[in-house]
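Visitor: Quick one: the structure is below, and I'll ask about it shortly.
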Amino acid sequence: MPNKGLRIGLGFDVHAFAKDRKLILGGVEIPHYQGLDGHSDADVLAHAVADALLGAIRGGDIGKLFPDTDPAYKGADSLVLLSAVADLVRERGYEILDIDCVISAQAPKLSPHREAMRENLARAMKIDAENIGVKATTTEHLGFEGREEGISAEAVVLLDRCC
Ligand code: MG
């Protein structure tokens, strides 16, 4: 059966913890003794969502769009990058129907920040916060997330051709 225009996208990202960095997830600055390392603000959740959107429009990835060798993106607010990716999705003729995400982090506890993350991401993409889910899990002390060496995030998106 022909696909009438639905597209799915999957995004995954990892950033390592580093001292003297802020921890920013979904645009929320979360109090913690260490933050994530990266060329931009290292918002691993925003990066996973952006890559899922780009995957769905076969648009490459954020590393290609916003290279970490480009000084323009040093310290960049990843919500601004995500907003540009969402605009690109619409330019390609797709609307964002639904998004779900999971952050894997042993610490800190992220559930108190979940609603703020959803609202920030939704605002950046100009979608309703009802259409984005954010969950967090520990990895039961297993793997790099469990050893508190870094945080990973995954996102899936569903797009539909709109015009
Ligand atoms: Mg990244």
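Residue numbering restarts at 1 for every chain of the structure tokens, chains are lettered A, B, ... in their displayed order, and ligands are numbered from 1 as they appear.
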Which protein, DNA or RNA residues have an atom within 12 Å of ligand 1, counting only C-alpha atoms and all ligand atoms, as a PyMOL selection string?
Guide: chain A and resi 11-16+24-25+36-51+61-64+66-68+73+76-78+81-82+150-154
Visitor: Based on DSSP run over this structure's backbone, return all residues of segment 27-158 of chain A in helix (DSSP H, G or I), as a ChimeraX atom specification.
Guide: /A:44-56,62-65,71-73,78-91,111-125,129-131,143-146
Visitor: Apply DSSP to the structure's backbone, then extract all residues of chain A labelled strand (DSSP E or B) and return them as an MDAnalysis selection string.
Guide: chainID A and resid 6:18 24:25 28:29 35:36 94:104 132:137 150:161
Visitor: For His141 of chain A, which residue among A:Ala105, A:Ala116, A:Ala122, A:Ala129 is the nearest when counting only C-alpha atoms?
Guide: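 Smallest distance to His141 of chain A is found for A:Ala105.
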Visitor: Between atom CA of Ser104 of chain A and atom CA of Arg21 of chain A, what is the distance, to one decimal in Å?
Guide: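 Answer for the atom CA of Ser104 of chain A to atom CA of Arg21 of chain A separation: 18.7 Å.
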Visitor: Quick check, in Å to one decimal: how far apart do atom CA of Val80 of chain A and atom CA of Gly5 of chain A lie?
Guide: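 Atom-to-atom, atom CA of Val80 of chain A and atom CA of Gly5 of chain A are spaced 26.9 Å apart.
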Visitor: For Ala86 of chain A, list every protein, DNA or RNA residue within 8 Å, evaluated using only C-alpha atoms, and leave out those in the same chain fewer than 5 positions away; present the list as a ChimeraX atom specification.
Guide: /A:50,53,125-126
Visitor: Go ahead and dump the residues you just picked, C-alpha atoms, as a PDB file, in the first residue's frame.
Guide:
```pdb
ATOM      1  CA  ALA A  50      16.473  17.528  15.892  1.00  0.00           C
ATOM      2  CA  LEU A  53      13.166  15.368  12.560  1.00  0.00           C
ATOM      3  CA  MET A 125       9.223  23.744  17.259  1.00  0.00           C
ATOM      4  CA  LYS A 126       5.973  25.797  17.299  1.00  0.00           C
TER       5      LYS A 126
END
```
Visitor: Smallest atom-to-atom distance to Ser83 of chain A: which of A:Leu65, A:Leu97, A:Leu10, A:Ala124, using only C-alpha atoms?
Guide: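 Of all the options, A:Ala124 lies closest to Ser83 of chain A.
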Visitor: Which value, in Å to one decimal, gives the distance between atom CA of Arg161 of chain A and atom CA of Ile96 of chain A?
Guide: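 Between atom CA of Arg161 of chain A and atom CA of Ile96 of chain A the gap is 9.1 Å.
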Visitor: Between A:Lys19, A:Ile57, A:Cys101, A:Glu95, single out the one closest to Ile127 of chain A, counting only C-alpha atoms.
Guide: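 When distances to Ile127 of chain A are compared using only C-alpha atoms, the smallest one comes from A:Glu95.
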Visitor: Looking at A:Gly60, A:Gly9, A:Pro31, A:Pro71, which one is nearest to Asp100 of chain A, with distances taken over only C-alpha atoms?
Guide: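 Counting only C-alpha atoms, the residue closest to Asp100 of chain A is A:Gly9.
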Visitor: Between A:Ala84, A:Val28, A:Ala18, A:Leu54, single out the one closest to Arg118 of chain A, counting only C-alpha atoms.
Guide: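 Closest to Arg118 of chain A of all the choices is A:Val28.
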Visitor: Neighbouring residues of Ile8 of chain A were defined as those with any atom within 10 Å, considering only C-alpha atoms; residues of the same chain fewer than 3 positions away were excluded. Please report them as a ChimeraX atom specification.
Guide: /A:52-57,98-99,156-160
Visitor: I need the residues from that last selection saved to file as an mmCIF file, in the first residue's frame (with all heavy atoms), if you can.
Guide:
```cif
data_model
loop_
_atom_site.group_PDB
_atom_site.id
_atom_site.type_symbol
_atom_site.label_atom_id
_atom_site.label_comp_id
_atom_site.auth_asym_id
_atom_site.auth_seq_id
_atom_site.Cartn_x
_atom_site.Cartn_y
_atom_site.Cartn_z
ATOM 1 N N ALA A 52 15.986 13.316 14.909
ATOM 2 C CA ALA A 52 14.799 12.530 14.538
ATOM 3 C C ALA A 52 14.022 13.256 13.438
ATOM 4 O O ALA A 52 13.585 12.646 12.460
ATOM 5 C CB ALA A 52 13.919 12.297 15.765
ATOM 6 N N LEU A 53 13.864 14.579 13.590
ATOM 7 C CA LEU A 53 13.166 15.368 12.560
ATOM 8 C C LEU A 53 13.912 15.299 11.238
ATOM 9 O O LEU A 53 13.316 15.100 10.174
ATOM 10 C CB LEU A 53 13.044 16.837 13.010
ATOM 11 C CG LEU A 53 12.100 17.111 14.168
ATOM 12 C CD1 LEU A 53 12.249 18.564 14.628
ATOM 13 C CD2 LEU A 53 10.650 16.838 13.786
ATOM 14 N N LEU A 54 15.233 15.449 11.308
ATOM 15 C CA LEU A 54 16.031 15.417 10.074
ATOM 16 C C LEU A 54 15.990 14.036 9.431
ATOM 17 O O LEU A 54 15.953 13.913 8.208
ATOM 18 C CB LEU A 54 17.474 15.843 10.375
ATOM 19 C CG LEU A 54 17.624 17.338 10.677
ATOM 20 C CD1 LEU A 54 19.002 17.642 11.246
ATOM 21 C CD2 LEU A 54 17.380 18.168 9.415
ATOM 22 N N GLY A 55 15.961 13.001 10.259
ATOM 23 C CA GLY A 55 15.862 11.647 9.718
ATOM 24 C C GLY A 55 14.563 11.458 8.952
ATOM 25 O O GLY A 55 14.537 10.852 7.877
ATOM 26 N N ALA A 56 13.495 12.011 9.505
ATOM 27 C CA ALA A 56 12.174 11.835 8.882
ATOM 28 C C ALA A 56 12.060 12.550 7.537
ATOM 29 O O ALA A 56 11.310 12.120 6.672
ATOM 30 C CB ALA A 56 11.078 12.321 9.836
ATOM 31 N N ILE A 57 12.802 13.646 7.363
ATOM 32 C CA ILE A 57 12.760 14.328 6.049
ATOM 33 C C ILE A 57 13.981 13.960 5.210
ATOM 34 O O ILE A 57 14.232 14.583 4.177
ATOM 35 C CB ILE A 57 12.646 15.870 6.186
ATOM 36 C CG1 ILE A 57 13.834 16.458 6.963
ATOM 37 C CG2 ILE A 57 11.319 16.263 6.818
ATOM 38 C CD1 ILE A 57 13.951 17.979 6.830
ATOM 39 N N ASP A 98 3.675 14.186 16.079
ATOM 40 C CA ASP A 98 3.900 13.668 17.424
ATOM 41 C C ASP A 98 5.361 13.311 17.644
ATOM 42 O O ASP A 98 6.064 12.935 16.699
ATOM 43 C CB ASP A 98 3.026 12.424 17.644
ATOM 44 C CG ASP A 98 2.579 12.306 19.092
ATOM 45 O OD1 ASP A 98 1.963 13.281 19.593
ATOM 46 O OD2 ASP A 98 2.873 11.292 19.734
ATOM 47 N N ILE A 99 5.776 13.441 18.881
ATOM 48 C CA ILE A 99 7.175 13.181 19.256
ATOM 49 C C ILE A 99 7.187 12.487 20.614
ATOM 50 O O ILE A 99 6.397 12.836 21.493
ATOM 51 C CB ILE A 99 7.966 14.515 19.369
ATOM 52 C CG1 ILE A 99 7.972 15.257 18.030
ATOM 53 C CG2 ILE A 99 9.398 14.268 19.849
ATOM 54 C CD1 ILE A 99 8.677 16.595 18.068
ATOM 55 N N VAL A 156 11.688 9.763 18.898
ATOM 56 C CA VAL A 156 11.006 9.342 17.671
ATOM 57 C C VAL A 156 10.003 10.430 17.303
ATOM 58 O O VAL A 156 9.399 11.054 18.184
ATOM 59 C CB VAL A 156 10.279 7.977 17.807
ATOM 60 C CG1 VAL A 156 11.269 6.833 17.844
ATOM 61 C CG2 VAL A 156 9.348 7.948 18.990
ATOM 62 N N VAL A 157 9.870 10.649 16.005
ATOM 63 C CA VAL A 157 8.921 11.656 15.537
ATOM 64 C C VAL A 157 8.037 11.049 14.459
ATOM 65 O O VAL A 157 8.434 10.105 13.775
ATOM 66 C CB VAL A 157 9.611 12.919 14.955
ATOM 67 C CG1 VAL A 157 10.593 13.508 15.951
ATOM 68 C CG2 VAL A 157 10.293 12.639 13.636
ATOM 69 N N LEU A 158 6.830 11.611 14.343
ATOM 70 C CA LEU A 158 5.905 11.235 13.273
ATOM 71 C C LEU A 158 5.512 12.512 12.539
ATOM 72 O O LEU A 158 5.054 13.479 13.159
ATOM 73 C CB LEU A 158 4.673 10.561 13.857
ATOM 74 C CG LEU A 158 3.611 10.124 12.842
ATOM 75 C CD1 LEU A 158 4.136 9.043 11.909
ATOM 76 C CD2 LEU A 158 2.357 9.631 13.561
ATOM 77 N N LEU A 159 5.750 12.517 11.253
ATOM 78 C CA LEU A 159 5.407 13.676 10.410
ATOM 79 C C LEU A 159 4.347 13.270 9.407
ATOM 80 O O LEU A 159 4.219 12.087 9.069
ATOM 81 C CB LEU A 159 6.631 14.161 9.605
ATOM 82 C CG LEU A 159 7.953 14.415 10.330
ATOM 83 C CD1 LEU A 159 8.969 14.970 9.323
ATOM 84 C CD2 LEU A 159 7.777 15.364 11.492
ATOM 85 N N ASP A 160 3.614 14.274 8.917
ATOM 86 C CA ASP A 160 2.673 14.024 7.832
ATOM 87 C C ASP A 160 2.863 15.116 6.785
ATOM 88 O O ASP A 160 3.150 16.262 7.121
ATOM 89 C CB ASP A 160 1.227 14.043 8.362
ATOM 90 C CG ASP A 160 0.231 13.428 7.374
ATOM 91 O OD1 ASP A 160 0.683 12.840 6.367
ATOM 92 O OD2 ASP A 160 -0.963 13.533 7.637
#
```
Visitor: Pick out the closest residue to Gly146 of chain A from this set: A:Ala107, A:Glu115, A:Gly93, A:Cys162. Count only C-alpha atoms.
Guide: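 Looking at the shortest contact to Gly146 of chain A, the residue is A:Ala107.
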